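Structure file work-v5.pdb with PDB, C-alpha atoms:
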```
MODEL        1
ATOM      1  CA  MET A  16      39.923 -15.680 -73.539
ATOM      2  CA  THR A  17      37.156 -16.953 -71.311
ATOM      3  CA  THR A  18      35.209 -14.623 -69.057
ATOM      4  CA  LYS A  19      36.607 -16.423 -66.026
ATOM      5  CA  ARG A  20      40.186 -15.887 -67.181
ATOM      6  CA  LYS A  21      39.473 -12.214 -67.904
ATOM      7  CA  THR A  22      38.076 -11.796 -64.406
ATOM      8  CA  VAL A  23      41.114 -13.442 -62.808
ATOM      9  CA  LYS A  24      43.462 -11.275 -64.876
ATOM     10  CA  ALA A  25      41.544  -8.116 -63.953
ATOM     11  CA  LEU A  26      41.656  -9.021 -60.255
ATOM     12  CA  ALA A  27      45.379  -9.703 -60.479
ATOM     13  CA  SER A  28      45.975  -6.340 -62.147
ATOM     14  CA  ALA A  29      43.870  -4.581 -59.535
ATOM     15  CA  SER A  30      45.854  -6.313 -56.781
ATOM     16  CA  LEU A  31      49.139  -5.198 -58.306
ATOM     17  CA  ILE A  32      47.882  -1.630 -58.605
ATOM     18  CA  ALA A  33      46.705  -1.704 -54.988
ATOM     19  CA  LEU A  34      50.045  -3.077 -53.842
ATOM     20  CA  GLY A  35      51.829  -0.369 -55.810
ATOM     21  CA  ILE A  36      49.719   2.344 -54.208
ATOM     22  CA  MET A  37      50.263   0.833 -50.762
ATOM     23  CA  SER A  38      53.988   0.573 -51.396
ATOM     24  CA  GLY A  39      54.081   4.192 -52.517
ATOM     25  CA  LEU A  40      52.220   5.311 -49.417
ATOM     26  CA  LEU A  41      54.553   3.351 -47.154
ATOM     27  CA  SER A  42      57.555   4.763 -48.983
ATOM     28  CA  THR A  43      56.232   8.301 -48.634
ATOM     29  CA  SER A  44      55.519   7.693 -44.947
ATOM     30  CA  ALA A  45      59.015   6.327 -44.375
ATOM     31  CA  GLN A  46      60.564   9.277 -46.214
ATOM     32  CA  ALA A  47      58.433  11.724 -44.240
ATOM     33  CA  GLN A  48      59.639  10.408 -40.896
ATOM     34  CA  THR A  49      62.682  12.243 -39.556
ATOM     35  CA  LYS A  50      64.983  10.556 -37.047
ATOM     36  CA  LEU A  51      66.761  12.836 -34.579
ATOM     37  CA  LYS A  52      69.529  12.313 -32.018
ATOM     38  CA  TRP A  53      69.102  13.947 -28.589
ATOM     39  CA  ALA A  54      72.254  13.758 -26.448
ATOM     40  CA  HIS A  55      73.250  14.552 -22.872
ATOM     41  CA  VAL A  56      75.811  13.482 -20.263
ATOM     42  CA  TYR A  57      73.459  12.481 -17.418
ATOM     43  CA  GLU A  58      72.522   9.064 -16.056
ATOM     44  CA  THR A  59      69.361   7.215 -17.110
ATOM     45  CA  SER A  60      68.044   7.468 -13.540
ATOM     46  CA  GLU A  61      68.096  11.270 -13.575
ATOM     47  CA  ALA A  62      65.096  13.466 -14.340
ATOM     48  CA  TYR A  63      66.942  15.136 -17.218
ATOM     49  CA  HIS A  64      66.948  11.778 -18.999
ATOM     50  CA  THR A  65      63.535  10.421 -18.022
ATOM     51  CA  GLU A  66      61.822  13.680 -18.970
ATOM     52  CA  SER A  67      63.772  13.873 -22.237
ATOM     53  CA  VAL A  68      62.475  10.406 -23.104
ATOM     54  CA  TRP A  69      58.959  11.580 -22.228
ATOM     55  CA  ALA A  70      59.430  14.669 -24.418
ATOM     56  CA  ALA A  71      60.733  12.618 -27.345
ATOM     57  CA  ASP A  72      57.665  10.396 -27.192
ATOM     58  CA  GLU A  73      55.364  13.394 -26.804
ATOM     59  CA  ILE A  74      56.871  15.184 -29.823
ATOM     60  CA  LYS A  75      56.338  12.027 -31.870
ATOM     61  CA  LYS A  76      52.679  11.917 -30.808
ATOM     62  CA  ARG A  77      52.015  15.599 -31.436
ATOM     63  CA  THR A  78      53.654  15.490 -34.886
ATOM     64  CA  ASN A  79      51.735  12.334 -35.841
ATOM     65  CA  GLY A  80      54.884  10.236 -35.924
ATOM     66  CA  LYS A  81      56.891  12.574 -38.151
ATOM     67  CA  TYR A  82      59.751  12.955 -35.662
ATOM     68  CA  GLU A  83      61.348   9.862 -34.163
ATOM     69  CA  ILE A  84      63.749  11.081 -31.471
ATOM     70  CA  GLN A  85      66.249   8.795 -29.772
ATOM     71  CA  VAL A  86      67.759  10.042 -26.517
ATOM     72  CA  PHE A  87      71.420   9.165 -25.891
ATOM     73  CA  PRO A  88      72.337   9.488 -22.168
ATOM     74  CA  ALA A  89      75.539   9.326 -20.130
ATOM     75  CA  SER A  90      77.999  10.773 -22.686
ATOM     76  CA  THR A  91      77.311   7.978 -25.197
ATOM     77  CA  LEU A  92      77.601  10.494 -28.051
ATOM     78  CA  GLY A  93      80.514  12.336 -26.484
ATOM     79  CA  LYS A  94      81.518  14.571 -23.607
ATOM     80  CA  GLU A  95      79.691  17.846 -23.006
ATOM     81  CA  THR A  96      82.086  19.827 -25.191
ATOM     82  CA  ASP A  97      81.623  17.258 -27.989
ATOM     83  CA  ILE A  98      77.830  17.327 -28.009
ATOM     84  CA  ASN A  99      77.806  21.133 -27.977
ATOM     85  CA  GLN A 100      80.103  21.142 -31.004
ATOM     86  CA  GLY A 101      77.895  18.453 -32.538
ATOM     87  CA  LEU A 102      75.006  20.892 -32.882
ATOM     88  CA  THR A 103      77.107  22.980 -35.262
ATOM     89  CA  LEU A 104      78.773  20.029 -36.997
ATOM     90  CA  GLY A 105      75.435  18.297 -37.563
ATOM     91  CA  THR A 106      76.366  15.105 -35.691
ATOM     92  CA  VAL A 107      73.787  15.788 -32.958
ATOM     93  CA  ASP A 108      70.302  17.282 -33.379
ATOM     94  CA  MET A 109      69.253  18.206 -29.833
ATOM     95  CA  ILE A 110      71.066  18.424 -26.510
ATOM     96  CA  ILE A 111      70.560  19.233 -22.864
ATOM     97  CA  SER A 112      73.563  21.145 -21.576
ATOM     98  CA  GLY A 113      74.554  23.954 -19.263
ATOM     99  CA  PRO A 114      74.617  27.334 -21.024
ATOM    100  CA  SER A 115      78.173  27.723 -19.749
ATOM    101  CA  PHE A 116      79.262  25.715 -22.798
ATOM    102  CA  ALA A 117      77.121  27.873 -25.092
ATOM    103  CA  ALA A 118      78.840  30.864 -23.465
ATOM    104  CA  ARG A 119      82.040  29.919 -25.292
ATOM    105  CA  ALA A 120      80.347  31.138 -28.459
ATOM    106  CA  TYR A 121      78.115  33.695 -26.753
ATOM    107  CA  PRO A 122      79.793  34.958 -23.550
ATOM    108  CA  ARG A 123      76.736  36.860 -22.261
ATOM    109  CA  PHE A 124      75.114  33.529 -21.300
ATOM    110  CA  GLY A 125      77.897  32.932 -18.796
ATOM    111  CA  ILE A 126      76.523  35.388 -16.259
ATOM    112  CA  ALA A 127      74.030  32.724 -15.157
ATOM    113  CA  TYR A 128      77.029  30.949 -13.593
ATOM    114  CA  TYR A 129      78.403  33.904 -11.714
ATOM    115  CA  PRO A 130      78.546  32.634  -8.115
ATOM    116  CA  PHE A 131      75.590  33.545  -5.895
ATOM    117  CA  ILE A 132      73.745  35.414  -8.691
ATOM    118  CA  PHE A 133      70.557  33.394  -8.058
ATOM    119  CA  ARG A 134      68.882  33.254  -4.689
ATOM    120  CA  ASP A 135      67.423  29.783  -5.334
ATOM    121  CA  GLY A 136      65.843  27.563  -7.974
ATOM    122  CA  ASP A 137      62.696  29.667  -8.186
ATOM    123  CA  HIS A 138      64.790  32.730  -8.972
ATOM    124  CA  LEU A 139      66.593  30.837 -11.758
ATOM    125  CA  ILE A 140      63.268  29.783 -13.317
ATOM    126  CA  ALA A 141      62.021  33.397 -13.064
ATOM    127  CA  PHE A 142      65.159  34.453 -14.970
ATOM    128  CA  SER A 143      64.418  31.848 -17.677
ATOM    129  CA  LYS A 144      61.055  33.561 -18.287
ATOM    130  CA  SER A 145      62.410  37.111 -18.144
ATOM    131  CA  GLN A 146      62.924  39.660 -20.884
ATOM    132  CA  VAL A 147      66.688  39.656 -20.382
ATOM    133  CA  PHE A 148      66.915  35.898 -20.953
ATOM    134  CA  GLY A 149      64.682  36.228 -24.023
ATOM    135  CA  GLU A 150      67.137  38.773 -25.420
ATOM    136  CA  MET A 151      70.031  36.390 -24.813
ATOM    137  CA  VAL A 152      68.250  33.510 -26.565
ATOM    138  CA  LYS A 153      67.589  35.663 -29.651
ATOM    139  CA  GLU A 154      71.160  36.950 -29.795
ATOM    140  CA  PHE A 155      72.577  33.441 -29.358
ATOM    141  CA  GLN A 156      70.325  32.104 -32.131
ATOM    142  CA  ALA A 157      71.327  34.970 -34.437
ATOM    143  CA  LYS A 158      75.014  34.248 -33.816
ATOM    144  CA  THR A 159      75.025  30.432 -33.907
ATOM    145  CA  GLY A 160      71.712  29.315 -35.433
ATOM    146  CA  ILE A 161      71.104  27.185 -32.320
ATOM    147  CA  GLN A 162      67.689  27.577 -30.705
ATOM    148  CA  VAL A 163      67.293  27.385 -26.924
ATOM    149  CA  THR A 164      63.766  26.175 -26.160
ATOM    150  CA  ALA A 165      63.737  25.411 -22.417
ATOM    151  CA  TYR A 166      65.571  25.849 -19.112
ATOM    152  CA  THR A 167      65.612  23.155 -16.415
ATOM    153  CA  TYR A 168      66.681  23.679 -12.804
ATOM    154  CA  TYR A 169      69.783  21.560 -12.270
ATOM    155  CA  GLY A 170      70.262  22.215  -8.588
ATOM    156  CA  ALA A 171      72.341  24.215  -6.152
ATOM    157  CA  ARG A 172      75.970  23.175  -6.501
ATOM    158  CA  HIS A 173      77.593  21.999  -3.278
ATOM    159  CA  THR A 174      81.128  20.810  -2.572
ATOM    160  CA  THR A 175      82.216  17.297  -1.612
ATOM    161  CA  ALA A 176      85.686  16.479  -0.267
ATOM    162  CA  GLN A 177      87.680  13.971   1.724
ATOM    163  CA  LYS A 178      88.046  16.512   4.529
ATOM    164  CA  ALA A 179      85.299  18.799   5.844
ATOM    165  CA  PHE A 180      85.646  22.583   6.001
ATOM    166  CA  THR A 181      83.319  25.350   7.134
ATOM    167  CA  ASN A 182      84.402  28.480   5.264
ATOM    168  CA  CYS A 183      86.263  29.843   2.264
ATOM    169  CA  ALA A 184      89.647  29.657   3.993
ATOM    170  CA  GLY A 185      89.129  25.931   4.556
ATOM    171  CA  MET A 186      89.100  25.372   0.798
ATOM    172  CA  LYS A 187      92.650  26.694   0.379
ATOM    173  CA  GLY A 188      94.994  24.250  -1.366
ATOM    174  CA  ILE A 189      92.319  21.636  -2.128
ATOM    175  CA  LYS A 190      92.565  20.087  -5.586
ATOM    176  CA  ILE A 191      88.968  20.257  -6.795
ATOM    177  CA  ARG A 192      87.419  19.088 -10.048
ATOM    178  CA  VAL A 193      85.317  21.722 -11.803
ATOM    179  CA  PRO A 194      84.033  22.040 -15.382
ATOM    180  CA  ASP A 195      86.472  23.927 -17.602
ATOM    181  CA  VAL A 196      84.515  27.193 -17.440
ATOM    182  CA  PRO A 197      85.691  30.451 -15.764
ATOM    183  CA  ALA A 198      82.505  30.908 -13.712
ATOM    184  CA  TYR A 199      82.833  27.404 -12.218
ATOM    185  CA  ARG A 200      86.466  28.090 -11.343
ATOM    186  CA  ALA A 201      85.651  31.446  -9.745
ATOM    187  CA  THR A 202      84.697  30.309  -6.229
ATOM    188  CA  PRO A 203      87.540  27.808  -5.676
ATOM    189  CA  GLU A 204      90.069  30.212  -7.204
ATOM    190  CA  ALA A 205      88.780  33.073  -5.010
ATOM    191  CA  CYS A 206      89.293  30.818  -1.972
ATOM    192  CA  GLY A 207      92.776  29.653  -2.939
ATOM    193  CA  ALA A 208      91.844  26.125  -4.049
ATOM    194  CA  ASN A 209      93.340  24.414  -7.087
ATOM    195  CA  PRO A 210      90.504  23.895  -9.624
ATOM    196  CA  THR A 211      91.187  21.031 -12.025
ATOM    197  CA  PRO A 212      89.016  20.494 -15.132
ATOM    198  CA  ILE A 213      88.166  16.815 -15.709
ATOM    199  CA  ALA A 214      85.507  15.416 -18.052
ATOM    200  CA  PHE A 215      82.254  14.693 -16.243
ATOM    201  CA  ALA A 216      82.311  10.982 -17.143
ATOM    202  CA  GLU A 217      85.767  10.621 -15.508
ATOM    203  CA  VAL A 218      85.098  12.369 -12.182
ATOM    204  CA  TYR A 219      84.271   9.268 -10.104
ATOM    205  CA  LEU A 220      87.544   7.568 -11.029
ATOM    206  CA  ALA A 221      89.504  10.785 -10.427
ATOM    207  CA  LEU A 222      88.064  11.020  -6.906
ATOM    208  CA  GLN A 223      88.602   7.324  -6.289
ATOM    209  CA  ASN A 224      92.270   7.324  -7.276
ATOM    210  CA  GLY A 225      93.092  10.680  -5.660
ATOM    211  CA  THR A 226      93.726  12.644  -8.855
ATOM    212  CA  VAL A 227      91.535  15.273  -7.171
ATOM    213  CA  ASP A 228      90.447  15.663  -3.535
ATOM    214  CA  ALA A 229      87.051  17.239  -4.138
ATOM    215  CA  GLN A 230      84.346  18.114  -6.634
ATOM    216  CA  GLU A 231      81.225  20.278  -6.749
ATOM    217  CA  ASN A 232      77.767  19.372  -8.053
ATOM    218  CA  PRO A 233      74.113  19.402  -6.977
ATOM    219  CA  LEU A 234      72.990  16.794  -4.454
ATOM    220  CA  THR A 235      71.006  14.935  -7.130
ATOM    221  CA  THR A 236      74.135  14.562  -9.254
ATOM    222  CA  ILE A 237      76.224  13.494  -6.251
ATOM    223  CA  GLU A 238      73.634  10.745  -5.785
ATOM    224  CA  ALA A 239      73.277   9.734  -9.445
ATOM    225  CA  LYS A 240      77.029   9.600 -10.123
ATOM    226  CA  LYS A 241      77.639   7.921  -6.742
ATOM    227  CA  PHE A 242      80.281  10.469  -5.724
ATOM    228  CA  PHE A 243      79.210   9.884  -2.114
ATOM    229  CA  GLU A 244      80.954   6.484  -2.336
ATOM    230  CA  VAL A 245      84.364   8.122  -2.782
ATOM    231  CA  GLN A 246      83.956  11.285  -0.647
ATOM    232  CA  LYS A 247      83.570  11.751   3.096
ATOM    233  CA  ALA A 248      81.922  15.163   3.479
ATOM    234  CA  ILE A 249      79.410  17.401   1.737
ATOM    235  CA  MET A 250      79.708  21.148   2.319
ATOM    236  CA  LEU A 251      76.473  23.001   1.529
ATOM    237  CA  THR A 252      78.219  25.862  -0.248
ATOM    238  CA  GLY A 253      75.381  26.460  -2.742
ATOM    239  CA  HIS A 254      77.826  28.674  -4.654
ATOM    240  CA  ILE A 255      76.076  28.311  -8.005
ATOM    241  CA  VAL A 256      72.380  27.691  -8.596
ATOM    242  CA  ASP A 257      72.646  25.794 -11.835
ATOM    243  CA  GLY A 258      70.422  25.166 -14.825
ATOM    244  CA  LEU A 259      70.427  23.241 -18.094
ATOM    245  CA  THR A 260      69.167  24.435 -21.450
ATOM    246  CA  THR A 261      67.480  22.382 -24.133
ATOM    247  CA  GLN A 262      69.027  23.316 -27.481
ATOM    248  CA  ILE A 263      68.068  22.425 -31.051
ATOM    249  CA  ALA A 264      70.585  22.449 -33.903
ATOM    250  CA  PRO A 265      70.146  24.927 -36.766
ATOM    251  CA  HIS A 266      69.942  22.144 -39.379
ATOM    252  CA  VAL A 267      66.823  20.907 -37.559
ATOM    253  CA  TRP A 268      65.255  24.152 -36.313
ATOM    254  CA  ASN A 269      65.412  25.890 -39.685
ATOM    255  CA  LYS A 270      63.479  23.054 -41.350
ATOM    256  CA  LEU A 271      60.630  23.020 -38.822
ATOM    257  CA  SER A 272      57.340  24.666 -39.696
ATOM    258  CA  ASP A 273      56.002  27.313 -37.307
ATOM    259  CA  ALA A 274      53.546  24.749 -35.932
ATOM    260  CA  GLU A 275      56.375  22.243 -35.386
ATOM    261  CA  LYS A 276      58.551  24.870 -33.704
ATOM    262  CA  LYS A 277      55.703  25.502 -31.277
ATOM    263  CA  ILE A 278      55.356  21.774 -30.555
ATOM    264  CA  PHE A 279      59.090  21.343 -29.896
ATOM    265  CA  THR A 280      59.117  24.447 -27.667
ATOM    266  CA  ASP A 281      55.957  23.574 -25.736
ATOM    267  CA  VAL A 282      56.964  19.971 -25.129
ATOM    268  CA  THR A 283      60.553  20.702 -24.072
ATOM    269  CA  GLN A 284      59.288  23.408 -21.686
ATOM    270  CA  GLU A 285      56.770  20.982 -20.202
ATOM    271  CA  ALA A 286      59.563  18.417 -19.768
ATOM    272  CA  ALA A 287      61.779  21.054 -18.122
ATOM    273  CA  ALA A 288      59.016  21.965 -15.655
ATOM    274  CA  ARG A 289      58.431  18.296 -14.819
ATOM    275  CA  ALA A 290      62.163  17.673 -14.251
ATOM    276  CA  THR A 291      62.537  20.858 -12.199
ATOM    277  CA  ALA A 292      59.755  19.801  -9.823
ATOM    278  CA  LYS A 293      61.324  16.360  -9.325
ATOM    279  CA  ILE A 294      64.796  17.771  -8.702
ATOM    280  CA  LYS A 295      63.615  20.346  -6.157
ATOM    281  CA  ALA A 296      61.730  17.656  -4.229
ATOM    282  CA  ARG A 297      64.687  15.268  -4.328
ATOM    283  CA  GLU A 298      67.161  17.860  -3.039
ATOM    284  CA  VAL A 299      65.161  18.185   0.169
ATOM    285  CA  GLU A 300      65.220  14.425   0.764
ATOM    286  CA  LEU A 301      68.899  13.907   0.035
ATOM    287  CA  VAL A 302      70.401  15.836   2.951
ATOM    288  CA  ASP A 303      69.020  13.275   5.408
ATOM    289  CA  GLU A 304      69.801  10.337   3.123
ATOM    290  CA  PHE A 305      73.462  11.322   2.837
ATOM    291  CA  LYS A 306      73.683  11.659   6.616
ATOM    292  CA  LYS A 307      72.281   8.122   6.947
ATOM    293  CA  LYS A 308      75.007   6.906   4.573
ATOM    294  CA  GLY A 309      77.578   8.189   7.048
ATOM    295  CA  LEU A 310      78.674  11.362   5.279
ATOM    296  CA  GLN A 311      79.313  14.590   7.119
ATOM    297  CA  VAL A 312      76.882  17.238   5.859
ATOM    298  CA  VAL A 313      78.275  20.641   6.785
ATOM    299  CA  GLN A 314      76.526  24.015   6.952
ATOM    300  CA  VAL A 315      79.156  26.554   5.896
ATOM    301  CA  ASP A 316      79.656  30.295   6.265
ATOM    302  CA  ARG A 317      78.367  31.155   2.772
ATOM    303  CA  LYS A 318      79.127  34.859   3.216
ATOM    304  CA  SER A 319      82.846  34.095   3.447
ATOM    305  CA  PHE A 320      82.636  32.570  -0.059
ATOM    306  CA  GLN A 321      80.523  35.428  -1.422
ATOM    307  CA  ASP A 322      82.904  38.073  -0.053
ATOM    308  CA  ALA A 323      85.928  36.285  -1.552
ATOM    309  CA  VAL A 324      84.283  36.076  -4.985
ATOM    310  CA  LEU A 325      83.270  39.742  -4.980
ATOM    311  CA  LYS A 326      86.799  40.739  -3.985
ATOM    312  CA  ASN A 327      88.875  38.368  -6.121
ATOM    313  CA  LYS A 328      86.544  37.655  -9.057
ATOM    314  CA  PRO A 329      84.460  40.807  -9.555
ATOM    315  CA  LEU A 330      81.683  40.734 -12.141
ATOM    316  CA  GLU A 331      83.436  42.959 -14.673
ATOM    317  CA  SER A 332      86.678  40.948 -14.496
ATOM    318  CA  MET A 333      84.762  37.998 -15.943
ATOM    319  CA  GLY A 334      83.324  40.028 -18.803
ATOM    320  CA  PHE A 335      79.812  40.459 -17.379
ATOM    321  CA  THR A 336      77.852  43.690 -17.022
ATOM    322  CA  LYS A 337      76.262  45.304 -14.000
ATOM    323  CA  SER A 338      73.195  45.977 -16.158
ATOM    324  CA  ASP A 339      72.573  42.259 -16.777
ATOM    325  CA  PHE A 340      73.310  41.488 -13.126
ATOM    326  CA  ASP A 341      70.771  44.053 -11.907
ATOM    327  CA  ARG A 342      68.095  42.867 -14.358
ATOM    328  CA  ILE A 343      68.600  39.263 -13.247
ATOM    329  CA  GLN A 344      68.369  40.297  -9.593
ATOM    330  CA  ALA A 345      65.029  41.966 -10.369
ATOM    331  CA  ALA A 346      63.553  38.835 -12.014
ATOM    332  CA  LYS A 347      60.565  37.519 -10.045
TER     333      LYS A 347
ENDMDL
END
```
Kindly present the structure from the file in structure tokens form.
Amino acid sequence: MTTKRKTVKALASASLIALGIMSGLLSTSAQAQTKLKWAHVYETSEAYHTESVWAADEIKKRTNGKYEIQVFPASTLGKETDINQGLTLGTVDMIISGPSFAARAYPRFGIAYYPFIFRDGDHLIAFSKSQVFGEMVKEFQAKTGIQVTAYTYYGARHTTAQKAFTNCAGMKGIKIRVPDVPAYRATPEACGANPTPIAFAEVYLALQNGTVDAQENPLTTIEAKKFFEVQKAIMLTGHIVDGLTTQIAPHVWNKLSDAEKKIFTDVTQEAAARATAKIKAREVELVDEFKKKGLQVVQVDRKSFQDAVLKNKPLESMGFTKSDFDRIQAAK
């Protein structure tokens, strides 16, 4: 064999070896990357979605591309009950959802939805950083394996209807859509309304065709879901100051290293703080915007609602404790 042919053969062999190494590296890299599904029921225009997308990208950066997270908005992976179940079934990896759904497995969480328990959004965020909430997160994780990493302010829930009212008595007989959770039903039931659970994705149509007369949600949600198009009045009941939790499924959380757990926690908390700031600012703007759209915006006698809840739906009747209530009231 000539020297030239030997050289060509050696170069060819070296090229094949190099390609093999490169292929192996690419294969290892591909295997190392983990794709995750992050689901929620909110619109793409809402801060819960835009900040989730930011967080997904940030987690990818901080883990050097190991975690590729796709965010699925607007109930594309199922209704809120479905995506909560998905964490346990393994069909969903991360969600943003109200802890009222988690309270089905861990009832203590539900106290955050007891009407008028929070003074405002700042009080809710103080609760999310408190010792009592930390206890709840640990107990929930021990029971379900699901890890709560962040709490986002969702907004003060107000009531929309076809006919305005100014106090609790004015709500009597109204057919109102609420989530299928006792704490959400508490205020309308205490005031003699007829609460009707309907899936979040179906509320607009239900209002449009008269299946229900009213619904209750924060101003930002009333805007995003365009409920103002099919309702005539907004009553500023503020009966529940609401929040959303970021939750990670056990089949994901248990495989994360301590460093990765810190990244997921830090990033989702940063995203929650960013979304909270946007929502609080938007709430202030929306009162005037809804008035300009021709809706009645009504200041109500909030005490009449509070008194009715305390009388007809006392704390203990809903399975909550005075101890938790007092500790939450003390959160600053």
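For the pair CA of Gln314 in chain A and CA of Ala198 in chain A, the separation is 22.6 Å.
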Apply the PyMOL selection byres ((chain A and resi 178) around 12) to the displayed file and report the matching residues as a ChimeraX atom specification. /A:174-177,179-181,185-191,228-230,245-250,310-313
Could you please take those selected residues and save C-alpha atoms as a PDB file, in the frame of the given file?
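Full text of selection_36.pdb as output:
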```pdb
ATOM      1  CA  THR A 174      81.128  20.810  -2.572  1.00  0.00           C
ATOM      2  CA  THR A 175      82.216  17.297  -1.612  1.00  0.00           C
ATOM      3  CA  ALA A 176      85.686  16.479  -0.267  1.00  0.00           C
ATOM      4  CA  GLN A 177      87.680  13.971   1.724  1.00  0.00           C
ATOM      5  CA  ALA A 179      85.299  18.799   5.844  1.00  0.00           C
ATOM      6  CA  PHE A 180      85.646  22.583   6.001  1.00  0.00           C
ATOM      7  CA  THR A 181      83.319  25.350   7.134  1.00  0.00           C
ATOM      8  CA  GLY A 185      89.129  25.931   4.556  1.00  0.00           C
ATOM      9  CA  MET A 186      89.100  25.372   0.798  1.00  0.00           C
ATOM     10  CA  LYS A 187      92.650  26.694   0.379  1.00  0.00           C
ATOM     11  CA  GLY A 188      94.994  24.250  -1.366  1.00  0.00           C
ATOM     12  CA  ILE A 189      92.319  21.636  -2.128  1.00  0.00           C
ATOM     13  CA  LYS A 190      92.565  20.087  -5.586  1.00  0.00           C
ATOM     14  CA  ILE A 191      88.968  20.257  -6.795  1.00  0.00           C
ATOM     15  CA  ASP A 228      90.447  15.663  -3.535  1.00  0.00           C
ATOM     16  CA  ALA A 229      87.051  17.239  -4.138  1.00  0.00           C
ATOM     17  CA  GLN A 230      84.346  18.114  -6.634  1.00  0.00           C
ATOM     18  CA  VAL A 245      84.364   8.122  -2.782  1.00  0.00           C
ATOM     19  CA  GLN A 246      83.956  11.285  -0.647  1.00  0.00           C
ATOM     20  CA  LYS A 247      83.570  11.751   3.096  1.00  0.00           C
ATOM     21  CA  ALA A 248      81.922  15.163   3.479  1.00  0.00           C
ATOM     22  CA  ILE A 249      79.410  17.401   1.737  1.00  0.00           C
ATOM     23  CA  MET A 250      79.708  21.148   2.319  1.00  0.00           C
ATOM     24  CA  LEU A 310      78.674  11.362   5.279  1.00  0.00           C
ATOM     25  CA  GLN A 311      79.313  14.590   7.119  1.00  0.00           C
ATOM     26  CA  VAL A 312      76.882  17.238   5.859  1.00  0.00           C
ATOM     27  CA  VAL A 313      78.275  20.641   6.785  1.00  0.00           C
TER      28      VAL A 313
END
```
Which residues of range 63-148 of chain A sit at most 12 Å from range 293-307 of chain A, using all atoms listed in the file? Give each one's shortest atom pair and distance in Å (one decimal place), in chain and ascending residue order, as a tab-separated table.
```
residue	atom	partner	partner_atom	distance
A:Tyr63	CA	A:Ile294	CA	9.2
A:Thr65	CA	A:Lys293	CA	10.8
A:Glu66	CA	A:Lys293	CA	10.0
A:Asp135	CA	A:Lys295	CA	10.2
A:Gly136	CA	A:Lys295	CA	7.8
A:Asp137	CA	A:Lys295	CA	9.6
A:Ile140	CA	A:Lys295	CA	11.9
```
Leu51 in chain A proximity check over A:Arg134, A:Lys308, A:His266, A:His254, using only C-alpha atoms: winner is A:His266
For Gln156 in chain A, please output as a PyMOL selection string all residues within 12 Å (counting all atoms listed in the file; exclusion window: fewer than 6 positions along the same chain). chain A and resi 103+117+120-121+124+149-150+162-164+262-265+268-269
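When only C-alpha atoms are used to measure the gap to Gly309 in chain A, the shortest distance among A:Asp341, A:Val147, A:Glu244, A:Glu83 belongs to A:Glu244.
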